[in-house]
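Below: target.txt (compact mmCIF, C-alpha atoms)
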# COMPACT_ATOMS: atom_id res chain seq x y z
CA ASN F 1 -40.07 -5.12 -2.29
CA THR F 2 -38.94 -1.53 -1.76
CA PRO F 3 -35.75 -0.07 -0.24
CA SER F 4 -37.52 -0.04 3.14
CA HIS F 5 -37.24 -3.83 3.13
CA ILE F 6 -33.46 -3.78 2.90
CA PRO F 7 -32.64 -4.06 6.65
CA SER F 8 -34.94 -7.07 7.12
CA LEU F 9 -33.61 -8.74 3.96
CA TYR F 10 -30.04 -8.14 5.05
CA ASN F 11 -30.73 -9.57 8.51
CA LEU F 12 -32.41 -12.58 6.89
CA SER F 13 -29.26 -13.17 4.82
CA ARG F 14 -27.15 -13.15 7.98
CA VAL F 15 -29.35 -15.79 9.64
CA LEU F 16 -29.27 -17.97 6.52
CA ARG F 17 -25.49 -17.70 6.36
CA ILE F 18 -25.14 -18.75 10.00
CA GLN F 19 -27.24 -21.81 9.15
CA GLY F 20 -24.94 -22.60 6.21
CA ARG F 21 -27.67 -22.01 3.63
CA LEU F 22 -25.35 -20.24 1.24
CA SER F 23 -27.37 -20.54 -1.95
CA GLU F 24 -30.37 -18.91 -0.29
CA THR F 25 -28.10 -16.28 1.26
CA GLU F 26 -26.75 -15.39 -2.18
CA LYS F 27 -30.27 -14.95 -3.59
CA ILE F 28 -31.30 -12.64 -0.74
CA LEU F 29 -28.13 -10.58 -1.08
CA GLU F 30 -28.77 -10.27 -4.82
CA LYS F 31 -32.18 -8.81 -3.99
CA VAL F 32 -30.53 -6.32 -1.63
CA ARG F 33 -28.07 -5.34 -4.37
CA GLU F 34 -30.91 -4.81 -6.85
CA LEU F 35 -32.73 -2.58 -4.36
CA ASP F 36 -29.68 -0.58 -3.35
CA SER F 37 -26.60 -1.02 -5.55
CA GLY F 38 -24.98 1.88 -3.73
CA PHE F 39 -24.65 -0.12 -0.50
CA PRO F 40 -20.87 -0.81 -0.64
CA ARG F 41 -20.73 -3.75 1.78
CA ILE F 42 -23.10 -5.82 -0.38
CA TYR F 43 -20.36 -6.61 -2.89
CA PHE F 44 -18.08 -7.98 -0.19
CA GLU F 45 -20.96 -10.03 1.26
CA LEU F 46 -21.77 -11.51 -2.15
CA GLY F 47 -18.12 -12.16 -2.91
CA GLU F 48 -17.60 -13.97 0.39
CA VAL F 49 -20.71 -16.13 -0.05
CA CYS F 50 -19.84 -17.01 -3.66
CA TYR F 51 -16.29 -17.90 -2.58
CA LYS F 52 -17.62 -20.26 0.10
CA GLU F 53 -19.95 -21.81 -2.49
CA GLY F 54 -16.99 -22.46 -4.77
CA LYS F 55 -18.18 -19.94 -7.37
CA ILE F 56 -14.71 -18.51 -7.76
CA GLU F 57 -15.14 -16.42 -10.91
CA LYS F 58 -18.35 -14.87 -9.61
CA ALA F 59 -16.70 -14.17 -6.27
CA LEU F 60 -13.77 -12.55 -8.06
CA GLN F 61 -16.03 -10.07 -9.88
CA TYR F 62 -17.90 -9.10 -6.72
CA LEU F 63 -14.73 -8.70 -4.67
CA LYS F 64 -13.11 -6.49 -7.30
CA LYS F 65 -16.14 -4.22 -7.02
CA ALA F 66 -15.94 -4.42 -3.23
CA VAL F 67 -12.34 -3.19 -3.25
CA ASN F 68 -13.30 -0.24 -5.44
CA LYS F 69 -16.39 0.70 -3.47
CA GLU F 70 -15.05 0.05 0.04
CA PRO F 71 -11.24 0.15 -0.17
CA SER F 72 -10.79 0.18 3.61
CA ASN F 73 -12.34 -3.30 4.05
CA VAL F 74 -9.25 -5.52 4.25
CA PHE F 75 -11.34 -8.69 4.19
CA SER F 76 -12.18 -8.06 0.54
CA TYR F 77 -8.44 -8.13 -0.15
CA ILE F 78 -8.00 -11.32 1.88
CA TYR F 79 -10.62 -13.18 -0.16
CA LEU F 80 -9.16 -11.80 -3.39
CA GLU F 81 -5.73 -13.03 -2.32
CA ARG F 82 -7.14 -16.49 -1.68
CA ILE F 83 -8.77 -16.55 -5.10
CA TYR F 84 -5.54 -15.64 -6.85
CA GLN F 85 -3.77 -18.35 -4.86
CA LYS F 86 -6.33 -20.86 -6.13
CA LYS F 87 -5.73 -19.61 -9.67
CA GLY F 88 -1.96 -20.03 -9.19
CA ASP F 89 -1.26 -16.30 -9.60
CA TYR F 90 0.94 -15.93 -6.55
CA HIS F 91 2.47 -12.65 -7.68
CA LYS F 92 -0.96 -11.01 -7.73
CA ALA F 93 -1.92 -12.71 -4.46
CA GLU F 94 1.20 -11.30 -2.82
CA ARG F 95 0.54 -7.81 -4.16
CA ILE F 96 -3.03 -7.86 -2.85
CA ILE F 97 -2.22 -9.09 0.65
CA CYS F 98 0.59 -6.54 0.93
CA ARG F 99 -1.94 -3.83 0.04
CA ALA F 100 -4.24 -5.10 2.81
CA ILE F 101 -1.36 -4.86 5.28
CA GLU F 102 -0.65 -1.30 4.15
CA ILE F 103 -4.25 -0.42 4.94
CA ASP F 104 -4.27 -2.12 8.36
CA PRO F 105 -0.87 -3.41 9.52
CA HIS F 106 -2.32 -4.37 12.91
CA ASN F 107 -4.98 -6.66 11.50
CA PHE F 108 -4.39 -10.22 12.68
CA TYR F 109 -6.00 -11.82 9.64
CA CYS F 110 -3.90 -9.81 7.17
CA GLN F 111 -0.65 -10.77 8.87
CA ALA F 112 -1.66 -14.42 9.24
CA GLU F 113 -2.82 -14.66 5.63
CA ALA F 114 0.48 -13.19 4.41
CA GLY F 115 2.33 -15.72 6.55
CA TYR F 116 0.38 -18.62 5.05
CA LEU F 117 1.01 -17.34 1.52
CA TYR F 118 4.77 -17.10 2.09
CA LEU F 119 4.77 -20.60 3.59
CA LYS F 120 3.23 -21.88 0.38
CA LEU F 121 5.91 -20.00 -1.57
CA LYS F 122 8.58 -21.48 0.75
CA SER F 123 9.72 -17.97 1.63
CA TYR F 124 10.16 -18.98 5.24
CA SER F 125 11.85 -15.83 6.53
CA LEU F 126 9.01 -13.68 5.21
CA ALA F 127 6.46 -16.16 6.56
CA ILE F 128 8.05 -15.95 9.99
CA SER F 129 8.03 -12.15 9.92
CA HIS F 130 4.27 -12.03 9.30
CA LEU F 131 3.34 -14.95 11.53
CA GLU F 132 5.30 -13.46 14.43
CA LYS F 133 3.31 -10.24 13.99
CA ALA F 134 0.08 -12.24 13.91
CA VAL F 135 1.04 -14.01 17.14
CA GLU F 136 1.86 -10.68 18.74
CA ILE F 137 -1.59 -9.35 17.81
CA ASN F 138 -3.47 -12.50 18.87
CA PRO F 139 -1.35 -14.92 20.90
CA GLN F 140 -4.31 -17.24 21.54
CA ASP F 141 -4.74 -18.42 17.94
CA LEU F 142 -3.13 -21.85 18.00
CA SER F 143 -3.10 -22.32 14.22
CA VAL F 144 -0.69 -19.43 13.80
CA HIS F 145 1.63 -20.89 16.44
CA TYR F 146 1.48 -24.22 14.59
CA TYR F 147 2.47 -22.74 11.24
CA LEU F 148 5.09 -20.53 12.86
CA GLY F 149 6.57 -23.68 14.39
CA TYR F 150 6.60 -25.25 10.93
CA ALA F 151 8.36 -22.21 9.44
CA TYR F 152 10.98 -22.25 12.21
CA THR F 153 11.52 -25.96 11.54
CA GLN F 154 12.20 -25.32 7.85
CA LEU F 155 14.96 -22.86 8.81
CA ARG F 156 16.24 -25.32 11.44
CA ARG F 157 15.43 -22.98 14.30
CA ILE F 158 14.71 -26.07 16.37
CA ASP F 159 14.36 -24.51 19.82
CA ASP F 160 12.06 -21.78 18.50
CA ALA F 161 9.88 -24.42 16.84
CA ILE F 162 9.76 -26.46 20.06
CA ALA F 163 8.66 -23.35 21.94
CA GLN F 164 5.73 -22.83 19.54
CA TYR F 165 4.51 -26.43 19.69
CA SER F 166 4.96 -26.55 23.46
CA PHE F 167 2.83 -23.42 23.78
CA ILE F 168 0.10 -25.13 21.78
CA LEU F 169 0.13 -28.15 24.11
CA SER F 170 -0.02 -25.86 27.15
CA LYS F 171 -3.37 -24.63 25.80
CA LYS F 172 -4.78 -27.77 24.20
CA LYS F 173 -3.78 -31.40 24.72
CA GLU F 174 -4.52 -32.41 21.12
CA PHE F 175 -3.91 -30.14 18.14
CA GLU F 176 -3.15 -31.32 14.61
CA ASP F 177 0.03 -33.47 14.68
CA THR F 178 1.84 -31.38 17.30
CA TYR F 179 3.15 -34.43 19.18
CA PHE F 180 4.59 -35.79 15.93
CA CYS F 181 6.27 -32.46 15.16
CA LEU F 182 7.85 -32.37 18.61
CA GLY F 183 9.02 -35.94 18.18
CA ASN F 184 10.79 -34.96 14.97
CA LEU F 185 12.37 -31.89 16.58
CA TYR F 186 13.73 -33.83 19.54
CA TYR F 187 15.02 -36.45 17.12
CA GLU F 188 16.95 -33.65 15.39
CA LYS F 189 18.38 -32.67 18.79
CA LYS F 190 19.42 -36.32 19.35
CA ASP F 191 17.20 -36.43 22.43
CA PHE F 192 15.84 -39.85 21.56
CA GLU F 193 13.95 -40.46 24.79
CA LYS F 194 11.88 -37.32 24.33
CA ALA F 195 11.42 -38.14 20.66
CA ILE F 196 10.08 -41.58 21.59
CA SER F 197 7.79 -40.05 24.21
CA PHE F 198 6.21 -37.64 21.72
CA TYR F 199 5.90 -40.24 18.96
CA LEU F 200 4.07 -42.52 21.40
CA LYS F 201 1.71 -39.69 22.36
CA GLU F 202 1.03 -38.96 18.68
CA ILE F 203 0.24 -42.64 18.02
CA GLN F 204 -2.06 -42.72 21.03
CA VAL F 205 -3.97 -39.73 19.62
CA ASN F 206 -3.76 -40.87 15.99
CA PRO F 207 -3.03 -44.61 15.68
CA GLN F 208 -3.16 -44.34 11.86
CA ASN F 209 -0.23 -41.91 11.63
CA THR F 210 2.18 -44.15 9.74
CA ASN F 211 4.88 -41.48 9.65
CA ALA F 212 4.92 -41.42 13.45
CA LEU F 213 5.04 -45.21 13.55
CA PHE F 214 7.94 -45.33 11.11
CA ASN F 215 9.92 -42.62 12.89
CA LEU F 216 9.32 -44.32 16.24
CA ALA F 217 10.55 -47.63 14.82
CA ASN F 218 13.60 -45.89 13.39
CA VAL F 219 14.50 -44.37 16.78
CA TYR F 220 14.05 -47.74 18.46
CA PHE F 221 16.33 -49.25 15.82
CA GLN F 222 19.02 -46.62 16.35
CA GLU F 223 18.78 -47.17 20.11
CA GLY F 224 19.22 -50.93 19.64
CA ARG F 225 15.70 -51.66 20.87
CA LEU F 226 15.12 -54.14 18.10
CA ASP F 227 12.06 -55.96 19.44
CA GLU F 228 10.20 -52.69 19.94
CA ALA F 229 11.26 -51.53 16.48
CA GLU F 230 10.01 -54.77 14.93
CA PHE F 231 6.70 -54.60 16.79
CA THR F 232 6.14 -51.00 15.70
CA LEU F 233 6.86 -51.72 12.05
CA LYS F 234 4.47 -54.65 12.05
CA LYS F 235 1.75 -52.31 13.34
CA LEU F 236 2.60 -49.92 10.52
CA LEU F 237 2.48 -52.66 7.89
CA LYS F 238 -1.01 -53.68 9.02
CA ILE F 239 -2.10 -50.18 8.01
CA THR F 240 0.00 -49.81 4.85
CA PRO F 241 1.34 -53.24 3.82
CA ASP F 242 3.05 -51.83 0.70
CA ASP F 243 5.38 -49.37 2.44
CA PRO F 244 8.84 -50.06 0.98
CA SER F 245 10.68 -48.06 3.66
CA ALA F 246 9.02 -50.09 6.40
CA HIS F 247 9.94 -53.39 4.73
CA SER F 248 13.50 -52.19 4.22
CA LEU F 249 13.90 -51.12 7.87
CA LEU F 250 12.38 -54.41 8.98
CA GLY F 251 15.03 -56.12 6.86
CA ASP F 252 17.71 -54.14 8.69
CA ILE F 253 16.27 -55.27 12.01
CA TYR F 254 16.37 -58.92 10.98
CA MET F 255 19.96 -58.45 9.79
CA LYS F 256 20.88 -57.12 13.25
CA LYS F 257 19.14 -60.13 14.75
CA ASN F 258 20.98 -62.48 12.39
CA ILE F 259 17.67 -63.76 10.99
CA TYR F 260 18.87 -63.68 7.42
CA ASP F 261 16.03 -65.48 5.67
CA LYS F 262 13.52 -62.96 7.03
CA ALA F 263 15.84 -60.09 6.18
CA ILE F 264 16.06 -61.26 2.56
CA ARG F 265 12.27 -61.55 2.32
CA GLU F 266 11.77 -58.02 3.60
CA TYR F 267 14.40 -56.56 1.26
CA GLU F 268 12.81 -58.40 -1.66
CA LYS F 269 9.37 -57.04 -0.73
CA ALA F 270 10.81 -53.51 -0.56
CA GLN F 271 12.38 -53.88 -4.01
CA ALA F 272 9.24 -55.39 -5.54
CA ILE F 273 7.11 -52.49 -4.26
CA LYS F 274 9.57 -49.89 -5.58
CA LYS F 275 9.31 -51.42 -9.06

For this file, produce the structure as structure tokens.
Amino acid sequence: NTPSHIPSLYNLSRVLRIQGRLSETEKILEKVRELDSGFPRIYFELGEVCYKEGKIEKALQYLKKAVNKEPSNVFSYIYLERIYQKKGDYHKAERIICRAIEIDPHNFYCQAEAGYLYLKLKSYSLAISHLEKAVEINPQDLSVHYYLGYAYTQLRRIDDAIAQYSFILSKKKEFEDTYFCLGNLYYEKKDFEKAISFYLKEIQVNPQNTNALFNLANVYFQEGRLDEAEFTLKKLLKITPDDPSAHSLLGDIYMKKNIYDKAIREYEKAQAIKK
């Protein structure tokens, strides 16, 4: 191989990457690096591939070189930030993603990545600031709307959160646990009928969502719809029979129904599980 082979080797690596053949991609890129170590993008390419292979330390070394050789490539910073997150060095992760934003403040991925980092750090106001910018840059990315809705929820900006999740559903009928999130938000607003409606939609999409089943049963209980609450909890307990909260709420239902022997059994089950 000579430097004249570099374009064909590089193109081969791109095809292999598209096919998910990362180990082969890495080997080809290593050949390219050996032939032309002055090609700055090669260090980013190797770092990205090693990161996706789970070779974190190797990726770290390549990406550090990538930042030095091609400091304008913000994606090198993004992968570095993710590596430092994995290593638990959030201070360094924050510093790196902030540097990426300094380089290109209008880059969607930089703003979104910063938002996700601050969510992990529970710095919800900062998360919102970056996620709002990301949404402004690319309003069609539903994941950013989802996490922005979550951040709003944490700060109890209920109507803002509802707006984000509603936007998602206007674009896609099923996305993550959006129906469940809306059910919780309407529960917070004491709009129990809407809460029930969204919990039912979530269960239709994901019948195994035991949190949705429990919350639905709880709303039914608060509304005095005891038979529906009991039925829902029994569905939940078929999925997770050792859920102490479900047994306890079922005990409350039997108390309301004056079926005391069943209530005692459910309370005893709840206590036994907690032990």

Residues of region 27-109 of chain F at most 12 Å from region 136-151 of chain F: nearest atom pair and distance in Å, all atoms listed in the file, as a Markdown table:
| residue | atom | partner | partner_atom | distance |
| --- | --- | --- | --- | --- |
| F:Pro105 | CA | F:Ile137 | CA | 10.2 |
| F:His106 | CA | F:Ile137 | CA | 7.0 |
| F:Asn107 | CA | F:Ile137 | CA | 7.7 |
| F:Phe108 | CA | F:Ile137 | CA | 5.9 |
| F:Tyr109 | CA | F:Asn138 | CA | 9.6 |

Using all atoms listed in the file, determine which residues lie at most 10 Å from Asp159 (chain F), disregarding the query and same-chain residues fewer than 6 positions distant; provide the list as a PyMOL selection string. chain F and resi 149+152-153+185-186+189

What is the distance between CA of Lys269 (chain F) and CA of Ser248 (chain F), in Å to one decimal? 8.1 Å

Measuring atom to atom with only C-alpha atoms, identify which of F:Leu250, F:Ile101, F:Ala127, F:Ile78 is nearest to Ala217 (chain F). F:Leu250

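Interatomic distance, CA of Tyr84 (chain F) to CA of Asp36 (chain F): 28.7 Å.
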
Using Å and a single decimal, report how far CA of Asp191 (chain F) sits from CA of Gln222 (chain F). 12.0 Å
